[in-house]
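Listing of final-v1.pdb, PDB, C-alpha atoms
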```pdb
ATOM      1  CA  MET A   1     101.598 -73.755 -21.152
ATOM      2  CA  LEU A   2     100.511 -70.479 -19.534
ATOM      3  CA  LEU A   3      99.246 -67.668 -21.750
ATOM      4  CA  ASP A   4      99.530 -64.016 -20.809
ATOM      5  CA  THR A   5      96.212 -63.621 -22.564
ATOM      6  CA  ALA A   6      95.929 -59.829 -22.739
ATOM      7  CA  SER A   7      99.474 -59.580 -24.097
ATOM      8  CA  LEU A   8      98.491 -61.983 -26.860
ATOM      9  CA  TYR A   9      95.135 -60.493 -27.789
ATOM     10  CA  PHE A  10      96.648 -56.988 -27.913
ATOM     11  CA  ARG A  11      99.328 -58.386 -30.234
ATOM     12  CA  ALA A  12      96.640 -60.095 -32.312
ATOM     13  CA  TYR A  13      94.591 -56.907 -32.482
ATOM     14  CA  PHE A  14      97.474 -54.896 -33.902
ATOM     15  CA  GLY A  15      98.775 -57.746 -36.065
ATOM     16  CA  VAL A  16      95.544 -58.803 -37.804
ATOM     17  CA  PRO A  17      93.793 -56.217 -40.026
ATOM     18  CA  ASP A  18      90.565 -54.776 -38.649
ATOM     19  CA  SER A  19      89.013 -55.649 -41.988
ATOM     20  CA  VAL A  20      88.518 -59.098 -40.395
ATOM     21  CA  ARG A  21      84.910 -58.688 -39.324
ATOM     22  CA  ALA A  22      81.818 -60.566 -38.233
ATOM     23  CA  PRO A  23      78.833 -60.833 -40.585
ATOM     24  CA  ASP A  24      77.323 -57.729 -38.936
ATOM     25  CA  GLY A  25      80.507 -55.726 -39.612
ATOM     26  CA  THR A  26      81.937 -55.870 -36.060
ATOM     27  CA  PRO A  27      85.747 -56.241 -36.033
ATOM     28  CA  VAL A  28      86.879 -59.636 -34.716
ATOM     29  CA  ASN A  29      90.568 -59.396 -35.608
ATOM     30  CA  ALA A  30      91.736 -59.859 -31.999
ATOM     31  CA  VAL A  31      89.476 -62.866 -31.508
ATOM     32  CA  ARG A  32      90.589 -64.580 -34.685
ATOM     33  CA  GLY A  33      94.225 -63.705 -34.112
ATOM     34  CA  LEU A  34      94.225 -65.078 -30.572
ATOM     35  CA  LEU A  35      92.599 -68.325 -31.693
ATOM     36  CA  ASP A  36      95.182 -68.709 -34.434
ATOM     37  CA  PHE A  37      97.951 -68.027 -31.910
ATOM     38  CA  ILE A  38      96.649 -70.790 -29.646
ATOM     39  CA  THR A  39      96.358 -73.170 -32.593
ATOM     40  CA  ARG A  40      99.957 -72.506 -33.602
ATOM     41  CA  LEU A  41     101.241 -72.875 -30.037
ATOM     42  CA  VAL A  42      99.489 -76.207 -29.560
ATOM     43  CA  GLN A  43     100.686 -77.409 -32.948
ATOM     44  CA  ASP A  44     104.315 -76.409 -32.328
ATOM     45  CA  HIS A  45     104.705 -77.260 -28.638
ATOM     46  CA  ARG A  46     102.012 -79.888 -27.921
ATOM     47  CA  PRO A  47     101.337 -78.944 -24.275
ATOM     48  CA  ASP A  48      99.378 -81.330 -22.065
ATOM     49  CA  ASP A  49      97.802 -78.428 -20.174
ATOM     50  CA  LEU A  50      97.054 -74.887 -21.288
ATOM     51  CA  VAL A  51      95.712 -71.991 -19.224
ATOM     52  CA  ALA A  52      94.641 -68.602 -20.542
ATOM     53  CA  CYS A  53      95.718 -66.450 -17.588
ATOM     54  CA  TRP A  54      93.526 -63.411 -17.080
ATOM     55  CA  ASP A  55      93.834 -59.891 -15.675
ATOM     56  CA  GLU A  56      91.020 -59.664 -13.161
ATOM     57  CA  ASP A  57      92.650 -56.376 -12.148
ATOM     58  CA  TRP A  58      95.162 -54.969 -14.623
ATOM     59  CA  ARG A  59      96.277 -52.265 -12.142
ATOM     60  CA  PRO A  60      95.800 -53.669  -8.621
ATOM     61  CA  GLN A  61      95.164 -51.053  -5.967
ATOM     62  CA  TRP A  62      97.759 -52.568  -3.637
ATOM     63  CA  ARG A  63     100.443 -51.913  -6.249
ATOM     64  CA  VAL A  64      99.147 -48.375  -6.905
ATOM     65  CA  ASP A  65      99.138 -47.670  -3.163
ATOM     66  CA  LEU A  66     102.865 -48.446  -3.100
ATOM     67  CA  ILE A  67     103.765 -46.645  -6.357
ATOM     68  CA  PRO A  68     101.010 -44.259  -7.515
ATOM     69  CA  SER A  69     102.593 -43.907 -10.968
ATOM     70  CA  TYR A  70     102.218 -47.639 -11.602
ATOM     71  CA  LYS A  71     100.628 -47.967 -15.069
ATOM     72  CA  ALA A  72      99.140 -44.487 -14.546
ATOM     73  CA  HIS A  73      99.803 -43.448 -18.145
ATOM     74  CA  ARG A  74      97.613 -46.318 -19.368
ATOM     75  CA  VAL A  75      94.547 -45.042 -17.544
ATOM     76  CA  ALA A  76      91.891 -43.652 -19.872
ATOM     77  CA  GLU A  77      90.936 -40.050 -19.188
ATOM     78  CA  GLU A  78      87.212 -40.662 -19.071
ATOM     79  CA  THR A  79      86.226 -38.696 -15.998
ATOM     80  CA  GLU A  80      83.326 -37.094 -17.804
ATOM     81  CA  ARG A  81      81.896 -40.581 -18.298
ATOM     82  CA  GLY A  82      82.529 -41.539 -14.693
ATOM     83  CA  ARG A  83      85.202 -44.132 -15.491
ATOM     84  CA  PRO A  84      88.551 -42.508 -14.634
ATOM     85  CA  ASP A  85      90.361 -45.735 -13.751
ATOM     86  CA  GLU A  86      89.752 -47.825 -16.841
ATOM     87  CA  GLU A  87      92.594 -48.981 -19.021
ATOM     88  CA  GLU A  88      92.923 -47.224 -22.354
ATOM     89  CA  ILE A  89      91.811 -49.890 -24.827
ATOM     90  CA  PRO A  90      91.252 -49.215 -28.529
ATOM     91  CA  ASP A  91      87.557 -48.680 -29.258
ATOM     92  CA  THR A  92      87.271 -51.755 -31.468
ATOM     93  CA  LEU A  93      89.208 -54.050 -29.120
ATOM     94  CA  GLY A  94      87.139 -53.635 -25.959
ATOM     95  CA  PRO A  95      83.973 -55.241 -27.411
ATOM     96  CA  GLN A  96      86.025 -58.237 -28.577
ATOM     97  CA  VAL A  97      87.165 -59.229 -25.087
ATOM     98  CA  PRO A  98      83.776 -60.700 -24.035
ATOM     99  CA  VAL A  99      83.729 -62.654 -27.295
ATOM    100  CA  ILE A 100      87.150 -64.088 -26.444
ATOM    101  CA  VAL A 101      85.792 -65.106 -23.034
ATOM    102  CA  ASP A 102      82.776 -66.840 -24.573
ATOM    103  CA  VAL A 103      84.791 -68.674 -27.231
ATOM    104  CA  LEU A 104      87.425 -69.942 -24.787
ATOM    105  CA  ASP A 105      84.690 -71.144 -22.434
ATOM    106  CA  ALA A 106      82.824 -72.946 -25.225
ATOM    107  CA  LEU A 107      86.046 -74.586 -26.381
ATOM    108  CA  GLY A 108      86.831 -75.720 -22.845
ATOM    109  CA  ILE A 109      90.158 -73.898 -22.630
ATOM    110  CA  ALA A 110      90.804 -72.940 -19.015
ATOM    111  CA  ARG A 111      90.642 -69.187 -18.350
ATOM    112  CA  VAL A 112      91.868 -68.306 -14.876
ATOM    113  CA  GLY A 113      92.139 -65.036 -12.980
ATOM    114  CA  SER A 114      92.213 -63.931  -9.351
ATOM    115  CA  ALA A 115      90.381 -60.914  -7.926
ATOM    116  CA  GLY A 116      92.788 -58.081  -7.169
ATOM    117  CA  PHE A 117      95.640 -59.564  -9.186
ATOM    118  CA  GLU A 118      97.121 -59.399 -12.661
ATOM    119  CA  ALA A 119      97.609 -62.270 -15.072
ATOM    120  CA  ASP A 120     101.326 -62.138 -14.193
ATOM    121  CA  ASP A 121     100.453 -63.126 -10.624
ATOM    122  CA  VAL A 122      98.275 -65.998 -11.825
ATOM    123  CA  ILE A 123     101.177 -67.170 -13.988
ATOM    124  CA  GLY A 124     103.597 -66.897 -11.066
ATOM    125  CA  THR A 125     101.293 -68.930  -8.838
ATOM    126  CA  LEU A 126     100.724 -71.651 -11.430
ATOM    127  CA  CYS A 127     104.473 -71.831 -12.052
ATOM    128  CA  ALA A 128     105.066 -72.296  -8.338
ATOM    129  CA  ARG A 129     102.508 -75.115  -8.246
ATOM    130  CA  ALA A 130     103.663 -76.872 -11.423
ATOM    131  CA  ALA A 131     105.216 -80.298 -11.082
ATOM    132  CA  GLY A 132     106.683 -80.374 -14.586
ATOM    133  CA  PRO A 133     108.069 -78.045 -17.246
ATOM    134  CA  VAL A 134     106.229 -74.791 -17.987
ATOM    135  CA  ASP A 135     106.188 -72.595 -21.084
ATOM    136  CA  ILE A 136     105.008 -69.023 -20.451
ATOM    137  CA  VAL A 137     103.854 -67.205 -23.582
ATOM    138  CA  THR A 138     104.110 -63.439 -23.169
ATOM    139  CA  GLY A 139     105.440 -60.236 -24.649
ATOM    140  CA  ASP A 140     106.096 -58.887 -21.127
ATOM    141  CA  ARG A 141     109.706 -58.973 -19.934
ATOM    142  CA  ASP A 142     108.579 -58.804 -16.290
ATOM    143  CA  LEU A 143     107.909 -62.535 -16.448
ATOM    144  CA  PHE A 144     111.569 -63.275 -17.173
ATOM    145  CA  GLN A 145     111.956 -63.346 -13.373
ATOM    146  CA  LEU A 146     110.145 -66.725 -13.393
ATOM    147  CA  VAL A 147     112.622 -68.450 -15.725
ATOM    148  CA  ASP A 148     114.203 -71.444 -14.001
ATOM    149  CA  ASP A 149     116.216 -73.987 -15.959
ATOM    150  CA  GLY A 150     116.214 -76.413 -13.042
ATOM    151  CA  ARG A 151     112.415 -76.586 -13.035
ATOM    152  CA  GLY A 152     112.028 -76.326 -16.804
ATOM    153  CA  VAL A 153     110.344 -72.919 -16.712
ATOM    154  CA  ARG A 154     111.011 -70.794 -19.784
ATOM    155  CA  VAL A 155     109.366 -67.906 -21.607
ATOM    156  CA  LEU A 156     108.263 -67.975 -25.234
ATOM    157  CA  TYR A 157     108.681 -64.318 -26.201
ATOM    158  CA  PRO A 158     107.093 -63.592 -29.600
ATOM    159  CA  ARG A 159     109.031 -61.566 -32.123
ATOM    160  CA  LYS A 160     106.084 -61.134 -34.490
ATOM    161  CA  GLY A 161     103.651 -64.004 -34.179
ATOM    162  CA  VAL A 162     103.906 -66.965 -31.850
ATOM    163  CA  GLY A 163     105.454 -69.061 -34.603
ATOM    164  CA  ASP A 164     108.643 -67.017 -34.186
ATOM    165  CA  CYS A 165     109.514 -66.790 -30.492
ATOM    166  CA  ASP A 166     112.686 -66.232 -28.543
ATOM    167  CA  LEU A 167     113.049 -69.157 -26.151
ATOM    168  CA  VAL A 168     114.064 -67.327 -22.999
ATOM    169  CA  ASP A 169     116.114 -69.436 -20.603
ATOM    170  CA  GLU A 170     118.699 -68.526 -17.987
ATOM    171  CA  GLU A 171     121.506 -68.305 -20.528
ATOM    172  CA  LEU A 172     119.619 -65.852 -22.725
ATOM    173  CA  ILE A 173     118.850 -63.615 -19.732
ATOM    174  CA  ARG A 174     122.500 -63.623 -18.650
ATOM    175  CA  THR A 175     123.650 -62.883 -22.198
ATOM    176  CA  LYS A 176     121.113 -60.143 -22.926
ATOM    177  CA  TYR A 177     120.823 -58.424 -19.542
ATOM    178  CA  GLY A 178     123.957 -59.427 -17.651
ATOM    179  CA  VAL A 179     122.088 -60.756 -14.621
ATOM    180  CA  ARG A 180     120.778 -64.125 -13.464
ATOM    181  CA  ALA A 181     117.081 -64.893 -13.843
ATOM    182  CA  ASP A 182     116.648 -64.856 -10.056
ATOM    183  CA  GLN A 183     118.152 -61.336 -10.025
ATOM    184  CA  TYR A 184     115.909 -60.033 -12.793
ATOM    185  CA  ALA A 185     113.207 -58.522 -10.541
ATOM    186  CA  ASP A 186     115.755 -56.525  -8.504
ATOM    187  CA  PHE A 187     117.474 -55.458 -11.733
ATOM    188  CA  ALA A 188     114.121 -54.304 -13.164
ATOM    189  CA  ALA A 189     113.248 -52.349 -10.018
ATOM    190  CA  LEU A 190     116.612 -50.570 -10.060
ATOM    191  CA  ARG A 191     116.452 -49.844 -13.793
ATOM    192  CA  GLY A 192     112.785 -48.828 -13.800
ATOM    193  CA  ASP A 193     110.347 -49.310 -16.640
ATOM    194  CA  ALA A 194     108.573 -46.371 -18.260
ATOM    195  CA  SER A 195     105.996 -48.699 -19.832
ATOM    196  CA  ASP A 196     104.829 -49.662 -16.331
ATOM    197  CA  GLY A 197     105.266 -46.250 -14.726
ATOM    198  CA  LEU A 198     108.248 -47.383 -12.627
ATOM    199  CA  PRO A 199     110.720 -44.491 -12.323
ATOM    200  CA  GLY A 200     113.772 -46.503 -11.324
ATOM    201  CA  VAL A 201     116.784 -44.754  -9.835
ATOM    202  CA  LYS A 202     117.858 -41.489 -11.404
ATOM    203  CA  GLY A 203     121.048 -41.868 -13.410
ATOM    204  CA  ILE A 204     120.962 -45.673 -13.435
ATOM    205  CA  GLY A 205     120.052 -47.273 -16.737
ATOM    206  CA  GLU A 206     119.970 -50.877 -17.832
ATOM    207  CA  LYS A 207     123.720 -51.388 -18.149
ATOM    208  CA  THR A 208     124.560 -49.769 -14.808
ATOM    209  CA  ALA A 209     121.727 -51.597 -13.057
ATOM    210  CA  ALA A 210     123.107 -54.909 -14.306
ATOM    211  CA  GLN A 211     126.624 -54.025 -13.176
ATOM    212  CA  LEU A 212     125.440 -53.061  -9.693
ATOM    213  CA  ILE A 213     123.238 -56.122  -9.221
ATOM    214  CA  THR A 214     126.043 -58.381 -10.421
ATOM    215  CA  GLU A 215     128.616 -56.756  -8.147
ATOM    216  CA  TYR A 216     126.497 -56.565  -5.011
ATOM    217  CA  GLY A 217     124.256 -59.598  -5.519
ATOM    218  CA  ASP A 218     120.820 -58.073  -5.139
ATOM    219  CA  LEU A 219     119.009 -54.810  -4.476
ATOM    220  CA  ALA A 220     119.630 -55.041  -0.735
ATOM    221  CA  GLY A 221     123.337 -55.376  -1.437
ATOM    222  CA  VAL A 222     123.299 -52.295  -3.685
ATOM    223  CA  ARG A 223     121.520 -50.276  -1.016
ATOM    224  CA  ALA A 224     123.966 -51.451   1.631
ATOM    225  CA  ALA A 225     126.858 -50.353  -0.597
ATOM    226  CA  ALA A 226     125.240 -46.949  -1.036
ATOM    227  CA  ALA A 227     125.050 -46.577   2.750
ATOM    228  CA  ASP A 228     128.678 -47.649   3.177
ATOM    229  CA  ARG A 229     131.032 -44.743   2.605
ATOM    230  CA  THR A 230     133.922 -47.154   2.053
ATOM    231  CA  SER A 231     132.237 -48.975  -0.866
ATOM    232  CA  ARG A 232     133.355 -48.475  -4.456
ATOM    233  CA  LEU A 233     130.156 -46.761  -5.573
ATOM    234  CA  THR A 234     130.729 -43.431  -7.291
ATOM    235  CA  PRO A 235     129.266 -40.371  -5.554
ATOM    236  CA  ALA A 236     126.620 -39.993  -8.280
ATOM    237  CA  LYS A 237     125.435 -43.593  -8.005
ATOM    238  CA  ARG A 238     125.516 -43.465  -4.222
ATOM    239  CA  ARG A 239     123.445 -40.283  -4.214
ATOM    240  CA  GLY A 240     120.953 -41.710  -6.699
ATOM    241  CA  VAL A 241     120.358 -44.861  -4.660
ATOM    242  CA  VAL A 242     120.093 -42.975  -1.358
ATOM    243  CA  GLU A 243     117.701 -40.376  -2.769
ATOM    244  CA  ALA A 244     115.514 -43.124  -4.228
ATOM    245  CA  ALA A 245     115.094 -44.792  -0.830
ATOM    246  CA  ASP A 246     111.305 -44.340  -0.682
ATOM    247  CA  TYR A 247     110.896 -45.876  -4.145
ATOM    248  CA  LEU A 248     113.313 -48.723  -3.437
ATOM    249  CA  ASP A 249     111.493 -49.556  -0.187
ATOM    250  CA  VAL A 250     108.402 -50.581  -2.162
ATOM    251  CA  ALA A 251     109.561 -51.282  -5.726
ATOM    252  CA  PRO A 252     110.488 -54.944  -5.156
ATOM    253  CA  THR A 253     106.978 -55.730  -3.902
ATOM    254  CA  VAL A 254     105.446 -54.066  -6.962
ATOM    255  CA  VAL A 255     107.838 -55.596  -9.498
ATOM    256  CA  ARG A 256     107.952 -59.140  -8.156
ATOM    257  CA  VAL A 257     105.296 -61.451  -9.483
ATOM    258  CA  ALA A 258     103.111 -62.912  -6.727
ATOM    259  CA  ARG A 259     103.383 -66.685  -6.426
ATOM    260  CA  ASP A 260     100.673 -67.526  -3.931
ATOM    261  CA  VAL A 261      97.441 -65.873  -5.080
ATOM    262  CA  PRO A 262      94.095 -67.642  -4.495
ATOM    263  CA  LEU A 263      92.827 -69.405  -7.613
ATOM    264  CA  PRO A 264      89.498 -71.091  -8.368
ATOM    265  CA  GLU A 265      89.228 -74.797  -9.016
ATOM    266  CA  PHE A 266      89.723 -75.567 -12.698
ATOM    267  CA  SER A 267      90.980 -78.189 -15.115
ATOM    268  CA  ALA A 268      94.026 -77.156 -17.104
ATOM    269  CA  ALA A 269      93.832 -80.167 -19.423
ATOM    270  CA  LEU A 270      93.786 -79.097 -23.043
ATOM    271  CA  PRO A 271      90.504 -80.304 -24.579
ATOM    272  CA  SER A 272      90.437 -82.594 -27.595
ATOM    273  CA  ALA A 273      86.895 -81.492 -28.453
ATOM    274  CA  PRO A 274      84.747 -78.465 -27.569
ATOM    275  CA  ARG A 275      83.186 -78.468 -24.120
ATOM    276  CA  ASP A 276      79.978 -76.915 -25.471
ATOM    277  CA  PRO A 277      79.686 -77.626 -29.227
ATOM    278  CA  GLU A 278      76.270 -75.960 -29.525
ATOM    279  CA  ALA A 279      77.439 -72.728 -27.909
ATOM    280  CA  LEU A 280      80.609 -72.791 -30.004
ATOM    281  CA  MET A 281      78.620 -73.201 -33.216
ATOM    282  CA  GLY A 282      76.453 -70.241 -32.268
ATOM    283  CA  LEU A 283      79.529 -68.095 -31.640
ATOM    284  CA  VAL A 284      81.137 -69.220 -34.902
ATOM    285  CA  GLU A 285      78.035 -68.235 -36.862
ATOM    286  CA  ARG A 286      77.457 -64.941 -35.066
ATOM    287  CA  TRP A 287      81.050 -63.726 -35.212
ATOM    288  CA  GLY A 288      82.255 -65.334 -38.432
ATOM    289  CA  LEU A 289      84.917 -67.460 -36.762
ATOM    290  CA  GLY A 290      84.550 -70.565 -38.908
ATOM    291  CA  GLY A 291      88.052 -70.345 -40.306
ATOM    292  CA  ALA A 292      89.852 -69.844 -36.983
ATOM    293  CA  VAL A 293      87.837 -72.489 -35.127
ATOM    294  CA  GLY A 294      88.066 -74.800 -38.124
ATOM    295  CA  ARG A 295      91.855 -74.544 -37.968
ATOM    296  CA  MET A 296      91.979 -75.119 -34.215
ATOM    297  CA  LEU A 297      89.733 -78.153 -33.753
ATOM    298  CA  PRO A 298      91.723 -80.579 -35.947
ATOM    299  CA  VAL A 299      94.936 -79.570 -34.134
ATOM    300  CA  LEU A 300      93.347 -80.316 -30.746
ATOM    301  CA  GLU A 301      92.010 -83.616 -32.046
ATOM    302  CA  ARG A 302      95.321 -84.663 -33.626
ATOM    303  CA  ARG A 303      97.150 -83.899 -30.403
ATOM    304  CA  GLU A 304      94.825 -86.293 -28.542
ATOM    305  CA  HIS A 305      95.350 -89.004 -31.148
ATOM    306  CA  ARG A 306      99.141 -88.633 -31.003
ATOM    307  CA  GLU A 307      99.072 -89.052 -27.225
ATOM    308  CA  GLY A 308      96.778 -92.059 -27.519
TER
END
```
What is this file in structure tokens?
Amino acid sequence: MLLDTASLYFRAYFGVPDSVRAPDGTPVNAVRGLLDFITRLVQDHRPDDLVACWDEDWRPQWRVDLIPSYKAHRVAEETERGRPDEEEIPDTLGPQVPVIVDVLDALGIARVGSAGFEADDVIGTLCARAAGPVDIVTGDRDLFQLVDDGRGVRVLYPRKGVGDCDLVDEELIRTKYGVRADQYADFAALRGDASDGLPGVKGIGEKTAAQLITEYGDLAGVRAAAADRTSRLTPAKRRGVVEAADYLDVAPTVVRVARDVPLPEFSAALPSAPRDPEALMGLVERWGLGGAVGRMLPVLERREHREG
């Protein structure tokens, strides 16, 4: 099981009231919510391995160099404080992220990132390496490109909490988007995505993008049709694709999840007991996490007993 960790702690932050606070009054709603999410996922799906995949760089420069608008709207305007390239994070969420790091480390839950890459790229790489089935837990549709029924790779896409997820397989992608999973990245590049600052091709929305990818096979096929005056593309679609040539030259590289990024050595095995009980107890007391950790530990222990 691979967690798109930031996607989940953002969801937890907005889903759990900020009245959930540490003894000193500091909000810990994202921390508690994420821990409860992990508890529910382990309880429902009983993974052997679990990795909290991490954004070491949420907006990699190599992607920005190709498409400068990539995630540009998410950048905090903090030039007066000398931090113009930081992601806009709610004031009470930012301080919770180091607490999440400390709690996961004390529990012994693997947390893995790669310098210069997003969590998506870590997930793509771990999927490529996996010998058995993989569940990816994310609220990011970009990862639908990794779905592969033959290898048992699917996405758990939360509706509200992680106890109510769409199980995204190849059939669901075909039904919902009209393309195959292995066509999803090209479809997404053609369609664009305002939430990621990807402009797409002018005049081509989701439905048209799906039709074109289905008819011509992939983005290269669509571009070849646009260059072929005898193809069945309408003048408007042809013009849109041709005029977007600079964007389409680089969009696939930006949209496609990397599958070969360097990763540190780590153990993905889900722990049955905390790696550092003393540190965990200190964190529980400082941040008022007794309930969340108290719910998680028996689930981890029961999972070990069931396997035994």
| request: Could you give me, as a list in words, the residues within 7 Å of Asp148 (chain A), counting all atoms listed in the file and dropping anything in the same chain fewer than 5 positions from it? | output: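 Listing them by chain and then by number gives Val153, Arg154 and Glu170 of chain A.
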| task | Name the residues captured by the PyMOL selection byres ((chain A and resi 190) around 10) when it is applied to the shown file; answer as a ChimeraX atom specification. | result | /A:184-189,191-193,198-202,204-206,208-210,212-213,218-219,222,241,244,247-248,251-252
| said: On this structure, the PyMOL selection byres ((chain A and resi 100) around 9) would catch which residues? List them as a ChimeraX atom specification, sorted by chain and number. | reply: /A:9,30-32,34-35,96-99,101-105
| query | What gap, in Å, lies between CA of Gly290 (chain A) and CA of Arg11 (chain A)? | reply |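 Calculated distance between CA of Gly290 (chain A) and CA of Arg11 (chain A) is 21.0 Å.
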| Contacts of Asp48 (chain A) at 7 Å or less, counting all atoms listed in the file, minus same-chain residues fewer than 2 places along, as a list in words? |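 The neighbour list is Arg46, Leu50, Ala269 and Leu270 of chain A.
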| task | May I have the residues within 12 Å of Ser267 (chain A) as a list in words, using only C-alpha atoms and disregarding those fewer than 5 positions away in the same chain? | result |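 Non-adjacent residues within range: Asp48, Asp49, Leu50, Val51, Ala52, Asp105, Gly108, Ile109, Ala110, Arg111, Val112 and Arg275 of chain A.
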